[in-house]
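Raw contents of coords_32.pdb, PDB, C-alpha atoms:
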ATOM      1  CA  MET E   1      26.578  32.079 -69.726
ATOM      2  CA  GLN E   2      26.454  34.390 -66.709
ATOM      3  CA  GLN E   3      22.879  35.326 -67.492
ATOM      4  CA  THR E   4      21.888  31.617 -67.725
ATOM      5  CA  MET E   5      23.460  30.863 -64.313
ATOM      6  CA  THR E   6      21.668  33.828 -62.750
ATOM      7  CA  MET E   7      18.318  32.648 -64.098
ATOM      8  CA  GLN E   8      18.943  29.139 -62.727
ATOM      9  CA  GLN E   9      19.760  30.559 -59.324
ATOM     10  CA  LEU E  10      16.543  32.566 -59.367
ATOM     11  CA  ASP E  11      14.633  29.391 -60.240
ATOM     12  CA  ILE E  12      16.185  27.629 -57.272
ATOM     13  CA  PHE E  13      15.188  30.447 -54.942
ATOM     14  CA  ALA E  14      11.676  30.439 -56.412
ATOM     15  CA  ASP E  15      11.379  26.705 -55.884
ATOM     16  CA  SER E  16      12.624  26.985 -52.323
ATOM     17  CA  ARG E  17      10.196  29.721 -51.338
ATOM     18  CA  ASP E  18       7.166  27.443 -51.488
ATOM     19  CA  VAL E  19       9.039  24.977 -49.281
ATOM     20  CA  MET E  20       9.828  27.775 -46.844
ATOM     21  CA  LEU E  21       6.209  28.894 -46.736
ATOM     22  CA  ARG E  22       4.984  25.362 -46.180
ATOM     23  CA  ASN E  23       7.434  25.002 -43.316
ATOM     24  CA  ASP E  24       6.154  28.281 -41.902
ATOM     25  CA  VAL E  25       2.728  26.628 -41.659
ATOM     26  CA  LEU E  26       3.986  23.280 -40.402
ATOM     27  CA  GLU E  27       6.021  24.645 -37.504
ATOM     28  CA  PRO E  28       3.100  26.274 -35.637
ATOM     29  CA  LEU E  29       0.841  23.414 -36.721
ATOM     30  CA  GLN E  30       3.061  20.907 -34.950
ATOM     31  CA  ARG E  31       3.042  23.171 -31.893
ATOM     32  CA  ARG E  32      -0.769  23.285 -32.211
ATOM     33  CA  ASP E  33      -0.583  27.097 -32.290
ATOM     34  CA  ALA E  34      -3.600  28.151 -34.332
ATOM     35  CA  VAL E  35      -3.024  31.898 -34.817
ATOM     36  CA  PRO E  36       0.444  31.832 -36.435
ATOM     37  CA  ALA E  37      -0.555  28.710 -38.358
ATOM     38  CA  ARG E  38      -3.527  30.567 -39.870
ATOM     39  CA  THR E  39      -1.362  33.586 -40.742
ATOM     40  CA  ALA E  40       1.256  31.403 -42.450
ATOM     41  CA  LEU E  41      -1.447  29.405 -44.233
ATOM     42  CA  GLU E  42      -2.985  32.535 -45.721
ATOM     43  CA  ARG E  43       0.437  33.691 -46.917
ATOM     44  CA  LEU E  44       1.042  30.333 -48.611
ATOM     45  CA  ALA E  45      -2.429  30.461 -50.207
ATOM     46  CA  ARG E  46      -1.810  33.952 -51.602
ATOM     47  CA  GLU E  47       1.533  33.130 -53.176
ATOM     48  CA  TYR E  48       0.872  29.501 -54.163
ATOM     49  CA  PRO E  49      -2.900  29.052 -54.480
ATOM     50  CA  ASP E  50      -2.459  25.714 -56.270
ATOM     51  CA  ASP E  51      -0.085  24.202 -53.710
ATOM     52  CA  GLY E  52      -1.008  20.569 -53.140
ATOM     53  CA  SER E  53      -0.635  20.746 -49.367
ATOM     54  CA  LEU E  54      -3.150  23.593 -48.898
ATOM     55  CA  PRO E  55      -6.326  21.459 -48.492
ATOM     56  CA  ALA E  56      -4.804  19.244 -45.791
ATOM     57  CA  MET E  57      -3.207  22.158 -43.962
ATOM     58  CA  THR E  58      -6.506  24.032 -44.044
ATOM     59  CA  VAL E  59      -8.286  21.082 -42.406
ATOM     60  CA  LEU E  60      -5.694  20.954 -39.612
ATOM     61  CA  VAL E  61      -5.720  24.697 -38.965
ATOM     62  CA  ARG E  62      -9.514  24.679 -38.749
ATOM     63  CA  GLU E  63      -9.340  21.767 -36.320
ATOM     64  CA  LEU E  64      -7.058  23.811 -34.075
ATOM     65  CA  GLU E  65      -9.365  26.803 -34.296
ATOM     66  CA  ASP E  66     -12.407  24.755 -33.259
ATOM     67  CA  GLY E  67     -11.774  24.636 -29.540
ATOM     68  CA  SER E  68     -15.251  23.660 -28.362
ATOM     69  CA  THR E  69     -15.396  21.871 -25.004
ATOM     70  CA  ALA E  70     -19.191  21.787 -24.562
ATOM     71  CA  PRO E  71     -20.436  18.324 -23.467
ATOM     72  CA  PHE E  72     -22.370  16.400 -26.091
ATOM     73  CA  VAL E  73     -26.102  16.428 -25.405
ATOM     74  CA  ASP E  74     -26.847  13.224 -27.316
ATOM     75  CA  HIS E  75     -25.200  10.379 -29.192
ATOM     76  CA  ALA E  76     -25.909  11.960 -32.570
ATOM     77  CA  ALA E  77     -23.349  14.660 -31.793
ATOM     78  CA  LEU E  78     -20.641  12.010 -31.890
ATOM     79  CA  THR E  79     -20.798  12.157 -35.670
ATOM     80  CA  LEU E  80     -17.826  14.478 -35.126
ATOM     81  CA  THR E  81     -15.750  11.335 -34.752
ATOM     82  CA  ARG E  82     -16.381  10.660 -38.424
ATOM     83  CA  HIS E  83     -15.017  14.111 -39.249
ATOM     84  CA  LEU E  84     -11.836  13.228 -37.404
ATOM     85  CA  GLU E  85     -11.579   9.828 -39.071
ATOM     86  CA  ASP E  86     -12.533  10.916 -42.577
ATOM     87  CA  ASP E  87     -10.946  14.381 -42.777
ATOM     88  CA  VAL E  88      -8.509  15.224 -39.994
ATOM     89  CA  VAL E  89      -6.634  11.926 -39.780
ATOM     90  CA  PRO E  90      -5.891  11.753 -43.547
ATOM     91  CA  ALA E  91      -4.879  15.440 -43.514
ATOM     92  CA  ALA E  92      -2.458  14.868 -40.648
ATOM     93  CA  ARG E  93      -0.929  11.904 -42.461
ATOM     94  CA  ARG E  94      -0.657  13.989 -45.623
ATOM     95  CA  VAL E  95       1.414  16.869 -44.251
ATOM     96  CA  LEU E  96       2.845  15.984 -40.837
ATOM     97  CA  PRO E  97       5.965  13.867 -40.225
ATOM     98  CA  ALA E  98       4.967  10.242 -39.649
ATOM     99  CA  GLN E  99       6.334  10.197 -36.106
ATOM    100  CA  ALA E 100       4.281  13.274 -35.196
ATOM    101  CA  VAL E 101       0.859  12.197 -36.479
ATOM    102  CA  GLN E 102      -0.356  10.252 -33.438
ATOM    103  CA  ARG E 103       0.986  12.860 -31.029
ATOM    104  CA  TRP E 104      -0.842  15.612 -32.952
ATOM    105  CA  LEU E 105      -4.128  13.705 -33.131
ATOM    106  CA  ALA E 106      -4.201  12.621 -29.477
ATOM    107  CA  PRO E 107      -5.539  15.972 -28.144
ATOM    108  CA  CYS E 108      -8.289  15.875 -30.780
ATOM    109  CA  TRP E 109      -9.479  12.468 -29.595
ATOM    110  CA  ARG E 110      -9.036  13.525 -25.963
ATOM    111  CA  ALA E 111     -11.262  16.548 -26.457
ATOM    112  CA  LEU E 112     -13.999  14.419 -28.035
ATOM    113  CA  ALA E 113     -13.730  11.836 -25.255
ATOM    114  CA  ALA E 114     -14.126  14.512 -22.588
ATOM    115  CA  ARG E 115     -17.167  15.916 -24.357
ATOM    116  CA  ALA E 116     -18.687  12.411 -24.621
ATOM    117  CA  ALA E 117     -18.052  11.494 -20.979
ATOM    118  CA  SER E 118     -21.685  11.891 -19.927
ATOM    119  CA  LEU E 119     -23.142   9.742 -22.716
ATOM    120  CA  THR E 120     -24.414   6.355 -21.577
ATOM    121  CA  PHE E 121     -23.577   3.140 -23.394
ATOM    122  CA  ARG E 122     -26.086   2.017 -25.998
ATOM    123  CA  GLY E 123     -25.955  -1.466 -27.439
ATOM    124  CA  THR E 124     -27.468  -0.255 -30.710
ATOM    125  CA  GLU E 125     -24.725   2.390 -31.043
ATOM    126  CA  ALA E 126     -21.901   0.457 -29.465
ATOM    127  CA  ASP E 127     -19.089   2.752 -30.557
ATOM    128  CA  SER E 128     -20.840   5.970 -29.509
ATOM    129  CA  HIS E 129     -19.087   6.128 -26.166
ATOM    130  CA  ALA E 130     -16.138   7.880 -24.584
ATOM    131  CA  ALA E 131     -14.112   4.691 -23.973
ATOM    132  CA  PRO E 132     -12.938   4.062 -27.576
ATOM    133  CA  LEU E 133     -12.122   7.765 -27.898
ATOM    134  CA  TRP E 134      -9.893   7.606 -24.820
ATOM    135  CA  LEU E 135      -8.117   4.647 -26.397
ATOM    136  CA  LEU E 136      -7.520   6.635 -29.582
ATOM    137  CA  ALA E 137      -6.170   9.435 -27.400
ATOM    138  CA  GLY E 138      -3.713   6.969 -25.865
ATOM    139  CA  ASP E 139      -5.204   7.249 -22.362
ATOM    140  CA  GLY E 140      -5.738   3.687 -21.151
ATOM    141  CA  VAL E 141      -6.501   4.723 -17.565
ATOM    142  CA  ALA E 142      -9.346   7.012 -18.649
ATOM    143  CA  ALA E 143     -10.651   4.260 -20.943
ATOM    144  CA  ILE E 144     -10.743   1.830 -18.012
ATOM    145  CA  ASP E 145     -12.709   4.327 -15.923
ATOM    146  CA  ALA E 146     -15.159   4.869 -18.780
ATOM    147  CA  VAL E 147     -15.746   1.143 -19.313
ATOM    148  CA  GLU E 148     -16.206   0.492 -15.609
ATOM    149  CA  GLY E 149     -19.181   2.847 -15.728
ATOM    150  CA  ILE E 150     -20.993   0.402 -18.048
ATOM    151  CA  GLY E 151     -23.109  -2.149 -16.195
ATOM    152  CA  SER E 152     -21.935  -5.775 -16.697
ATOM    153  CA  TRP E 153     -19.406  -4.599 -19.271
ATOM    154  CA  TRP E 154     -17.672  -7.995 -19.283
ATOM    155  CA  ARG E 155     -20.795  -9.560 -20.818
ATOM    156  CA  ILE E 156     -20.967  -7.118 -23.742
ATOM    157  CA  PRO E 157     -18.565  -7.509 -26.703
ATOM    158  CA  ALA E 158     -17.739  -3.826 -27.358
ATOM    159  CA  PRO E 159     -16.915  -2.749 -23.776
ATOM    160  CA  LEU E 160     -15.093  -6.015 -23.148
ATOM    161  CA  ALA E 161     -12.915  -5.322 -26.203
ATOM    162  CA  TRP E 162     -12.260  -1.759 -25.009
ATOM    163  CA  MET E 163     -11.307  -2.948 -21.542
ATOM    164  CA  THR E 164      -9.046  -5.635 -22.997
ATOM    165  CA  GLU E 165      -7.171  -3.069 -25.066
ATOM    166  CA  ALA E 166      -7.006  -0.654 -22.129
ATOM    167  CA  ARG E 167      -5.557  -3.331 -19.844
ATOM    168  CA  TYR E 168      -2.991  -4.145 -22.496
ATOM    169  CA  ARG E 169      -2.042  -0.480 -22.940
ATOM    170  CA  THR E 170      -1.627   0.047 -19.196
ATOM    171  CA  GLY E 171      -0.221  -3.304 -18.070
ATOM    172  CA  GLY E 172       1.007  -5.234 -21.097
ATOM    173  CA  LEU E 173       0.058  -8.676 -22.345
ATOM    174  CA  ASP E 174       0.294 -10.346 -18.954
ATOM    175  CA  ALA E 175      -2.374  -8.024 -17.557
ATOM    176  CA  ALA E 176      -4.613  -8.526 -20.586
ATOM    177  CA  TRP E 177      -4.584 -12.331 -20.828
ATOM    178  CA  PRO E 178      -7.743 -13.058 -18.782
ATOM    179  CA  LEU E 179      -9.775 -10.501 -20.730
ATOM    180  CA  LEU E 180      -8.380 -11.662 -24.064
ATOM    181  CA  VAL E 181      -9.601 -15.140 -23.162
ATOM    182  CA  GLU E 182     -13.075 -13.885 -22.278
ATOM    183  CA  LEU E 183     -13.240 -11.835 -25.469
ATOM    184  CA  ALA E 184     -12.298 -14.846 -27.606
ATOM    185  CA  TRP E 185     -15.146 -16.831 -26.069
ATOM    186  CA  LEU E 186     -17.743 -14.081 -26.166
ATOM    187  CA  ALA E 187     -16.944 -12.361 -29.458
ATOM    188  CA  PRO E 188     -14.389 -14.135 -31.696
ATOM    189  CA  VAL E 189     -14.848 -11.519 -34.435
ATOM    190  CA  ARG E 190     -13.878  -8.676 -32.094
ATOM    191  CA  PHE E 191     -11.032 -10.774 -30.713
ATOM    192  CA  ALA E 192      -9.613 -11.277 -34.200
ATOM    193  CA  ALA E 193     -10.031  -7.571 -35.006
ATOM    194  CA  LEU E 194      -8.268  -6.499 -31.787
ATOM    195  CA  LEU E 195      -5.048  -8.485 -32.300
ATOM    196  CA  PRO E 196      -3.618  -6.298 -35.108
ATOM    197  CA  VAL E 197      -4.609  -3.206 -33.117
ATOM    198  CA  LEU E 198      -2.535  -4.412 -30.169
ATOM    199  CA  GLY E 199       0.373  -5.311 -32.451
ATOM    200  CA  ASP E 200       1.951  -7.631 -29.883
ATOM    201  CA  ALA E 201       4.690  -9.786 -31.441
ATOM    202  CA  LEU E 202       4.131 -12.776 -29.133
ATOM    203  CA  LEU E 203       0.373 -12.707 -29.579
ATOM    204  CA  ASP E 204       0.679 -12.336 -33.345
ATOM    205  CA  GLY E 205       3.035 -15.306 -33.477
ATOM    206  CA  LEU E 206       0.634 -17.448 -31.471
ATOM    207  CA  ARG E 207      -2.208 -16.436 -33.741
ATOM    208  CA  ARG E 208      -0.257 -17.488 -36.835
ATOM    209  CA  ARG E 209       0.575 -20.794 -35.181
ATOM    210  CA  PHE E 210      -3.085 -21.317 -34.293
ATOM    211  CA  ASP E 211      -4.207 -20.477 -37.834
ATOM    212  CA  ALA E 212      -1.740 -22.967 -39.276
ATOM    213  CA  GLY E 213      -2.290 -25.855 -36.875
ATOM    214  CA  PHE E 214      -5.776 -25.778 -35.394
ATOM    215  CA  SER E 215      -8.338 -28.120 -36.901
ATOM    216  CA  GLY E 216     -11.526 -26.076 -36.951
ATOM    217  CA  ALA E 217     -14.230 -24.948 -39.333
ATOM    218  CA  GLY E 218     -11.968 -22.409 -41.018
ATOM    219  CA  GLU E 219     -14.205 -19.584 -39.805
ATOM    220  CA  VAL E 220     -13.484 -16.625 -37.532
ATOM    221  CA  ASP E 221     -15.555 -18.342 -34.826
ATOM    222  CA  ASP E 222     -12.678 -20.812 -34.462
ATOM    223  CA  TYR E 223     -10.955 -18.155 -32.342
ATOM    224  CA  ALA E 224     -13.323 -19.062 -29.506
ATOM    225  CA  TRP E 225     -11.069 -22.127 -29.141
ATOM    226  CA  PHE E 226      -7.860 -20.097 -29.091
ATOM    227  CA  PRO E 227      -7.680 -19.981 -25.241
ATOM    228  CA  ALA E 228      -8.056 -23.749 -24.908
ATOM    229  CA  TRP E 229      -5.466 -24.327 -27.635
ATOM    230  CA  LEU E 230      -3.213 -21.843 -25.869
ATOM    231  CA  LEU E 231      -3.246 -23.931 -22.692
ATOM    232  CA  VAL E 232      -2.082 -26.924 -24.731
ATOM    233  CA  VAL E 233       0.860 -25.172 -26.383
ATOM    234  CA  LYS E 234       1.664 -22.750 -23.521
ATOM    235  CA  PRO E 235       0.709 -24.559 -20.285
ATOM    236  CA  ALA E 236       2.742 -22.020 -18.283
ATOM    237  CA  LEU E 237      -0.123 -19.575 -18.914
ATOM    238  CA  ALA E 238      -2.578 -21.726 -16.955
ATOM    239  CA  GLY E 239      -2.387 -19.492 -13.908
ATOM    240  CA  ARG E 240      -3.201 -16.288 -15.808
ATOM    241  CA  LEU E 241      -5.923 -17.864 -17.935
ATOM    242  CA  SER E 242      -7.599 -19.382 -14.878
ATOM    243  CA  GLU E 243      -8.556 -15.827 -13.836
ATOM    244  CA  ALA E 244     -10.969 -15.564 -16.785
ATOM    245  CA  ARG E 245     -14.689 -15.816 -15.992
ATOM    246  CA  VAL E 246     -15.787 -19.210 -17.351
ATOM    247  CA  GLN E 247     -18.892 -19.176 -19.548
ATOM    248  CA  ARG E 248     -20.473 -22.569 -18.934
ATOM    249  CA  ASP E 249     -22.903 -22.203 -21.824
ATOM    250  CA  GLN E 250     -20.013 -22.207 -24.325
ATOM    251  CA  ALA E 251     -18.163 -25.381 -25.209
ATOM    252  CA  ALA E 252     -14.917 -23.509 -25.906
ATOM    253  CA  SER E 253     -14.992 -21.937 -22.456
ATOM    254  CA  ARG E 254     -15.735 -25.271 -20.776
ATOM    255  CA  ALA E 255     -12.865 -26.849 -22.719
ATOM    256  CA  THR E 256     -10.454 -24.198 -21.436
ATOM    257  CA  ALA E 257     -11.540 -24.797 -17.846
ATOM    258  CA  LEU E 258     -11.310 -28.545 -18.421
ATOM    259  CA  LEU E 259      -7.764 -28.251 -19.762
ATOM    260  CA  GLY E 260      -6.813 -26.258 -16.693
ATOM    261  CA  GLU E 261      -8.066 -29.127 -14.560
ATOM    262  CA  ILE E 262      -6.232 -31.664 -16.744
ATOM    263  CA  LEU E 263      -2.969 -29.760 -16.340
ATOM    264  CA  ARG E 264      -3.464 -29.701 -12.580
ATOM    265  CA  ARG E 265      -4.147 -33.447 -12.475
ATOM    266  CA  GLU E 266      -1.086 -34.117 -14.603
ATOM    267  CA  HIS E 267       1.039 -32.123 -12.193
ATOM    268  CA  GLU E 268      -0.364 -34.137  -9.288
ATOM    269  CA  GLY E 269       0.085 -37.442 -11.124
ATOM    270  CA  ASP E 270      -3.599 -38.415 -10.841
ATOM    271  CA  GLN E 271      -3.745 -40.834 -13.766
ATOM    272  CA  HIS E 272      -7.100 -42.371 -12.853
ATOM    273  CA  GLU E 273      -9.011 -39.082 -13.036
ATOM    274  CA  LEU E 274      -7.099 -38.028 -16.167
ATOM    275  CA  VAL E 275      -8.727 -40.750 -18.261
ATOM    276  CA  SER E 276     -12.256 -39.417 -17.824
ATOM    277  CA  LEU E 277     -11.165 -35.788 -18.161
ATOM    278  CA  ARG E 278      -9.405 -36.520 -21.448
ATOM    279  CA  GLN E 279     -12.463 -38.361 -22.746
ATOM    280  CA  GLU E 280     -14.575 -35.326 -21.959
ATOM    281  CA  LEU E 281     -12.107 -33.085 -23.819
ATOM    282  CA  SER E 282     -12.301 -35.366 -26.837
ATOM    283  CA  ARG E 283     -16.102 -35.059 -26.840
ATOM    284  CA  LEU E 284     -15.916 -31.266 -26.697
ATOM    285  CA  HIS E 285     -13.510 -30.904 -29.645
ATOM    286  CA  ALA E 286     -11.753 -33.824 -31.346
ATOM    287  CA  GLY E 287      -9.251 -31.593 -33.134
ATOM    288  CA  LEU E 288      -8.221 -29.877 -29.912
ATOM    289  CA  PHE E 289      -7.854 -33.271 -28.240
ATOM    290  CA  ASP E 290      -5.563 -34.397 -31.072
ATOM    291  CA  VAL E 291      -3.345 -31.326 -30.551
ATOM    292  CA  TYR E 292      -3.271 -32.065 -26.820
ATOM    293  CA  MET E 293      -2.237 -35.702 -27.313
ATOM    294  CA  THR E 294       0.398 -34.751 -29.900
ATOM    295  CA  MET E 295       1.948 -32.247 -27.503
ATOM    296  CA  ARG E 296       1.964 -34.818 -24.696
ATOM    297  CA  LYS E 297       3.787 -37.354 -26.889
ATOM    298  CA  VAL E 298       6.377 -34.724 -27.832
ATOM    299  CA  GLN E 299       6.914 -33.814 -24.180
ATOM    300  CA  HIS E 300       7.386 -37.435 -23.117
ATOM    301  CA  ARG E 301       9.911 -38.451 -25.759
TER     302      ARG E 301
END
Re-express the file's structure as structure tokens.
Amino acid sequence: MQQTMTMQQLDIFADSRDVMLRNDVLEPLQRRDAVPARTALERLAREYPDDGSLPAMTVLVRELEDGSTAPFVDHAALTLTRHLEDDVVPAARRVLPAQAVQRWLAPCWRALAARAASLTFRGTEADSHAAPLWLLAGDGVAAIDAVEGIGSWWRIPAPLAWMTEARYRTGGLDAAWPLLVELAWLAPVRFAALLPVLGDALLDGLRRRFDAGFSGAGEVDDYAWFPAWLLVVKPALAGRLSEARVQRDQAASRATALLGEILRREHEGDQHELVSLRQELSRLHAGLFDVYMTMRKVQHR
């Protein structure tokens, strides 16, 4: 009996040693201290060469050891972002505590962004730019600076999306509203892709309401009408949305501007002018006009 208990205790100690050695690697890893992390990693590899955490830990230690700060000479060098996305990010999620992953990865993205700072924006390689890397690093201010270096950025979907996210990260939803509106008009696909990235509860709720109640084509391009619909269901946002740059060549943008004028006329009690404005709204989008009239009936009950 005594011998059996002793053997069990030895098994427990044996089982706990691999945990101890893994922790010996994780502690300097989380501090981003490459030298002791490498030493502890080699000890773990010697004693437990088949340990399941070794591949991921090796990726992270190598990432710490690669401390290059040399500026990228061309856009092709930004293929390193794929290494981060495909190798480093999964490795961090595999072995680091969930709450520590983003904090650990931020310096990696920051280093890449700094190295990419001199690269100009290319429409054919829209994501090969420092701005999205600054966003991944959690530095909205640096992302804003990077986007502002792109000529006419507000007319180009990718930089407009980056600036929208950066404004949200630095100033919240209220600061981002005008750019969100412009993005919905210019690039509905990017607008739809950005909403889950922002993860804003109010915005997500409005999107679900729009999806359920807007009479459109059932395509992602319907989101171009989201700003106009928003003015109908949330007229208090008229002031913020009026700051968006109207795109007269797009019906959805004209409808948003028209609704802003309708709301102003309603506030002033100008019933004569309202008739023609409402007729114009109906011509632009019958479904949107129906939502508008339904909301007005509800408000006047």
**Request:** For CA of Ala45 (chain E) and CA of Arg22 (chain E), determine how far apart the two atoms are, in Å to one decimal place.
**Result:**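 Pair CA of Ala45 (chain E) / CA of Arg22 (chain E) returns 9.9 Å.
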Nearest to Ala106 (chain E), restricted to all atoms listed in the file and choosing among E:Val233, E:Ala91, E:Ala126, E:Ala137, comes out as E:Ala137
Give me, as a PDB file with C-alpha atoms, in the coordinates of the input, all polymer residues having an atom no more than 8 Å from Leu60 (chain E), counting only C-alpha atoms and skipping those fewer than 5 positions away in the same chain.
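Output below, filename around_29.pdb:
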ATOM      1  CA  LEU E  29       0.841  23.414 -36.721  1.00  0.00           C
ATOM      2  CA  VAL E  88      -8.509  15.224 -39.994  1.00  0.00           C
ATOM      3  CA  ALA E  91      -4.879  15.440 -43.514  1.00  0.00           C
ATOM      4  CA  ALA E  92      -2.458  14.868 -40.648  1.00  0.00           C
TER       5      ALA E  92
END
Using only C-alpha atoms, list the residues that have an atom at most 10 Å from (1.1, 18.9, -30.2), coordinates as in the file, as a PyMOL selection string. chain E and resi 28-33+100-108
Quiz prompt | Pairwise distance for CA of Glu165 (chain E) and CA of Ala192 (chain E), rounded to one decimal in Å | solution =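 One can read the CA of Glu165 (chain E) to CA of Ala192 (chain E) distance as 12.5 Å.
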Selection result for the PyMOL selection byres ((chain E and resi 263-268) around 12) on this file, as a PyMOL selection string
chain E and resi 228+231-239+242+256-262+269-278+292+296
Give me, please, the distance in Å between CA of Arg169 (chain E) and CA of Trp225 (chain E), quoted to one decimal.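 Between CA of Arg169 (chain E) and CA of Trp225 (chain E) the gap works out to 24.3 Å.
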For His285 (chain E): contacts at 10 Å, all atoms listed in the file, fewer than 5 positions along chain excluded, given as a PyMOL selection string: chain E and resi 215-216+225+251-252+255+280+290
message: Applying the PyMOL selection byres ((chain E and resi 40) around 12) to the file I just gave you, which residues come out? Please list them as a ChimeraX atom specification.
response: /E:18,20-29,33-39,41-48,54,57-58,61
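Here the PyMOL selection byres ((chain E and resi 224) around 6) catches exactly these residues: Ala184, Trp185, Pro188, Asp221, Asp222, Tyr223, Trp225, Phe226 and Ala252 of chain E.
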key: Near-region 113-116 of chain E list (12 Å; only C-alpha atoms; drop same-chain fewer than 2 positions) as a PyMOL selection string   = chain E and resi 67-81+106-111+118-121+127-139+142-143+146
Once you have the residues from the selection above, write them out as a CSV table (one decimal), keeping the file's coordinate frame, restricted to C-alpha atoms.
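Once written, selection-v7.csv looks like this:
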chain,number,residue,atom,x,y,z
E,67,GLY,CA,-11.8,24.6,-29.5
E,68,SER,CA,-15.3,23.7,-28.4
E,69,THR,CA,-15.4,21.9,-25.0
E,70,ALA,CA,-19.2,21.8,-24.6
E,71,PRO,CA,-20.4,18.3,-23.5
E,72,PHE,CA,-22.4,16.4,-26.1
E,73,VAL,CA,-26.1,16.4,-25.4
E,74,ASP,CA,-26.8,13.2,-27.3
E,75,HIS,CA,-25.2,10.4,-29.2
E,76,ALA,CA,-25.9,12.0,-32.6
E,77,ALA,CA,-23.3,14.7,-31.8
E,78,LEU,CA,-20.6,12.0,-31.9
E,79,THR,CA,-20.8,12.2,-35.7
E,80,LEU,CA,-17.8,14.5,-35.1
E,81,THR,CA,-15.8,11.3,-34.8
E,106,ALA,CA,-4.2,12.6,-29.5
E,107,PRO,CA,-5.5,16.0,-28.1
E,108,CYS,CA,-8.3,15.9,-30.8
E,109,TRP,CA,-9.5,12.5,-29.6
E,110,ARG,CA,-9.0,13.5,-26.0
E,111,ALA,CA,-11.3,16.5,-26.5
E,118,SER,CA,-21.7,11.9,-19.9
E,119,LEU,CA,-23.1,9.7,-22.7
E,120,THR,CA,-24.4,6.4,-21.6
E,121,PHE,CA,-23.6,3.1,-23.4
E,127,ASP,CA,-19.1,2.8,-30.6
E,128,SER,CA,-20.8,6.0,-29.5
E,129,HIS,CA,-19.1,6.1,-26.2
E,130,ALA,CA,-16.1,7.9,-24.6
E,131,ALA,CA,-14.1,4.7,-24.0
E,132,PRO,CA,-12.9,4.1,-27.6
E,133,LEU,CA,-12.1,7.8,-27.9
E,134,TRP,CA,-9.9,7.6,-24.8
E,135,LEU,CA,-8.1,4.6,-26.4
E,136,LEU,CA,-7.5,6.6,-29.6
E,137,ALA,CA,-6.2,9.4,-27.4
E,138,GLY,CA,-3.7,7.0,-25.9
E,139,ASP,CA,-5.2,7.2,-22.4
E,142,ALA,CA,-9.3,7.0,-18.6
E,143,ALA,CA,-10.7,4.3,-20.9
E,146,ALA,CA,-15.2,4.9,-18.8
Closest of E:Pro178, E:Glu219, E:Thr164, E:Gly140 to Leu195 (chain E), counting only C-alpha atoms, is E:Thr164
### Residue with smallest distance to Gln279 (chain E) - pool E:Met293, E:Asp174, E:Glu85, E:Leu198, counting all atoms listed in the file
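Nearest to Gln279 (chain E): E:Met293.
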Legend entry - Nearest to Phe210 (chain E) by atom-to-atom distance, counting all atoms listed in the file, from E:Pro196, E:Gly172, E:Pro55, E:Pro227: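 Looking only at the distances to Phe210 (chain E), the closest residue turns out to be E:Pro227.
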Since fewer atoms than expected are present, regenerate N, CA and C atoms for region 148-159 of chain E and write them as a short mmCIF file (atom, residue, chain, number, x, y, z; two decimals), in the frame of the given file.
data_model
loop_
_atom_site.label_atom_id
_atom_site.label_comp_id
_atom_site.auth_asym_id
_atom_site.auth_seq_id
_atom_site.Cartn_x
_atom_site.Cartn_y
_atom_site.Cartn_z
N GLU E 148 -15.69 0.93 -16.90
CA GLU E 148 -16.21 0.49 -15.61
C GLU E 148 -17.54 1.14 -15.26
N GLY E 149 -17.88 2.22 -15.93
CA GLY E 149 -19.18 2.85 -15.73
C GLY E 149 -20.31 2.17 -16.49
N ILE E 150 -19.99 1.14 -17.27
CA ILE E 150 -20.99 0.40 -18.05
C ILE E 150 -21.39 -0.84 -17.27
N GLY E 151 -22.65 -1.00 -16.96
CA GLY E 151 -23.11 -2.15 -16.20
C GLY E 151 -22.82 -3.47 -16.90
N SER E 152 -22.25 -4.43 -16.16
CA SER E 152 -21.94 -5.78 -16.70
C SER E 152 -21.14 -5.71 -18.00
N TRP E 153 -20.17 -4.81 -18.04
CA TRP E 153 -19.41 -4.60 -19.27
C TRP E 153 -18.73 -5.87 -19.78
N TRP E 154 -18.39 -6.78 -18.88
CA TRP E 154 -17.67 -8.00 -19.28
C TRP E 154 -18.57 -8.98 -20.05
N ARG E 155 -19.87 -8.71 -20.08
CA ARG E 155 -20.80 -9.56 -20.82
C ARG E 155 -21.16 -8.98 -22.18
N ILE E 156 -20.60 -7.82 -22.51
CA ILE E 156 -20.97 -7.12 -23.74
C ILE E 156 -19.72 -7.00 -24.63
N PRO E 157 -19.77 -7.46 -25.86
CA PRO E 157 -18.57 -7.51 -26.70
C PRO E 157 -17.79 -6.20 -26.81
N ALA E 158 -18.47 -5.08 -27.13
CA ALA E 158 -17.74 -3.83 -27.36
C ALA E 158 -17.00 -3.34 -26.11
N PRO E 159 -17.66 -3.19 -24.95
CA PRO E 159 -16.92 -2.75 -23.78
C PRO E 159 -15.85 -3.73 -23.32
#
